[in-house]
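Single-structure report; data block below.
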Amino acid sequence: MGSAWMRIAVAAAAWSVWALAVNADDDSAWRQARQSRFAAFQAAHPHPDAEIAAVKARTAALIAAGPPLAELQARVDAPPIVWRASEHPVELWDGPDYPKMVVVPAGENVLGSTPATLDHQPYEIPRHRVRIGYAFAVGEYPVTVGEFARFVADSGYDAGDQCYTSEPEKQPMSGRNWRNPGFAQTEDFPVQCLNWSDAKAYVAWLSKKTGHAYRLLSEAEYDYANRAGTTTTYFWGDDPNAVCAYANGADLDTKARLPLSLTTSCHDGFAYAAPVGRFKPNAFGLYDTTGETWSWLEDCWSESYVGAPVDGSPNRTGDCTQPSLRGGSWSARPQMLRSAQRLRYAADLRIDDHGFRVARDL
């Protein structure tokens, strides 16, 4: 416990530094560090447009040589397909204020679960094969506090001052928000206490600032990007107690601070959220696709996958007052971290483990 308490003390000490940083002008330490990192990235990627064009051309050729789309649903139990258009991960970054992105290759996988699956839920059927017939970029990490702070500073956007938190007081709590979700954080933490409209406002701003089409992920895209070609319960395998190496979920450190009954029997060193990128990435090079923060998605909620799109597009036919979320969070028990797990909440709710990750069309 000594190590866990030390981490909490360090995070608390960093709180006052962060509070100044996210309200400072463009000369903030955070932004200077980002500018340095971005300059190094640009030097290492002198021809990003040519690289992306090559990925798109190679992707089209690989898909054209693959099985016809008409065979899609006849191949539900076939192994996943990943059409890798490059021998190495392709990254892009539109500026120091914005999220760094990783290109996810085109491919196919199966959405949903069977009754034999661990903690199977009735809204995870029918299993169906989805073809993501395009490469697209996904945030390397969830959107961070620092990145969201740049959006607020530039746009004047108001993301509210009430949030449902894990504290015992009456909920939702006033004075709790993305800047102060009830636990200490720095600018490199995933931003949370945001509702669906907040996430949509951010991607609209990002698109306007960069000139590129940023958006939230669809549920099918998130499932595919999270699994990264795997068919196991979690992207790292079937052992829930291996979570502490790969994801920030409800573990023994969380249980020591909150009255949780079900946790993984390991320590990840964080009682609440953690700085992004502290856990192992999946095979696509994406961090924190499981755990850390539930991610708001483009899809309207449906109680099953009946009639769901099979081309990676979002489902617009369900209850659009309750968008879907994926990924689990720092407070999620092992079953809620499964790759097949779905969730929905009212679009206007702000909760201390709800954030988002962005996608960008190529």
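Convention: chains lettered A, B, ... in structure tokens order; per-chain residue numbering from 1; ligands numbered from 1 as shown.
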Fill in: Residue neighbourhood A:Leu62, 12 Å, only C-alpha atoms, exclusion window fewer than 2 positions, as a list in words
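The residues satisfying every condition are Val55, Lys56, Ala57, Arg58, Thr59, Ala60, Ala64, Ala65, Gly66, Pro67, Pro68, Ile81, Val82, Trp83, Arg84, Ala85, Ser86, Pro105, Ala106, Gly107, Gly133, Tyr134 and Ala135 of chain A.
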Worksheet entry | Spatial neighbours of A:Val276, max dist 8 Å, only C-alpha atoms, sep filter under 3 positions, as number ranges by chain | A: 141-142, 144, 188-190, 279, 287-288
File dump, residues just selected, C-alpha atoms, as a PDB file, in the first residue's frame:
ATOM      1  CA  TYR A 141      -4.855   7.806 -26.030  1.00  0.00           C
ATOM      2  CA  PRO A 142      -8.215   9.065 -24.787  1.00  0.00           C
ATOM      3  CA  THR A 144      -6.595  14.309 -22.098  1.00  0.00           C
ATOM      4  CA  ASP A 188      -1.967  14.025 -18.931  1.00  0.00           C
ATOM      5  CA  PHE A 189      -4.956  12.285 -17.343  1.00  0.00           C
ATOM      6  CA  PRO A 190      -7.926  11.289 -19.517  1.00  0.00           C
ATOM      7  CA  PHE A 279      -0.335   0.447 -19.362  1.00  0.00           C
ATOM      8  CA  TYR A 287      -3.264   2.738 -25.240  1.00  0.00           C
ATOM      9  CA  ASP A 288      -6.088   2.581 -22.710  1.00  0.00           C
TER      10      ASP A 288
END
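With only C-alpha atoms as the atoms that count, the minimum distance from A:Cys266 to the choices A:Pro126, A:Gly355, A:Gly237, A:Gly249 is reached by A:Gly249.
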Discussion item. Rounded to one decimal, what separation in Å do you get between atom CA of A:Arg350 and atom CA of A:Cys163?
Written reply: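 One can read the atom CA of A:Arg350 to atom CA of A:Cys163 distance as 5.0 Å.
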Sort by chain and increasing residue number a table of all residues of stretch 115-232 of chain A within 12 Å of stretch 316-324 of chain A, each with its closest pair of atoms and their distance in Å to one decimal, counting only C-alpha atoms, and write it as CSV.
residue,atom,partner,partner_atom,distance
A:Tyr123,CA,A:Ser324,CA,11.7
A:Asn195,CA,A:Pro323,CA,10.0
A:Trp196,CA,A:Pro323,CA,7.5
A:Ser197,CA,A:Pro323,CA,10.4
A:Ala199,CA,A:Pro323,CA,11.6
A:Lys200,CA,A:Pro323,CA,11.7
A:Leu216,CA,A:Ser324,CA,11.1
A:Leu217,CA,A:Ser324,CA,10.4
A:Ser218,CA,A:Ser324,CA,8.9
A:Glu219,CA,A:Ser324,CA,7.2
A:Ala220,CA,A:Ser324,CA,10.9
A:Tyr222,CA,A:Ser324,CA,10.8
A:Asp223,CA,A:Ser324,CA,11.9
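For the residues A:Asn315, A:Ser302, A:Ser295, A:Asn241, ranking by smallest atom-to-atom distance to A:Arg333 using only C-alpha atoms places A:Asn241 first.
The space separating atom CA of A:Thr186 from atom CA of A:Asp353 comes to 15.3 Å.
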Discussion item. When you count only C-alpha atoms, which of these residues is closest to A:Asp77: A:Val90, A:Leu111, A:Ala273, A:Val104?
Written reply: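 For A:Asp77, the nearest of the candidates is A:Leu111.
Distance annotation: of A:Arg176, A:Arg75, A:Arg131, A:His47, the residue with the minimal separation from A:Ile351 is A:Arg176; atom set is only C-alpha atoms.
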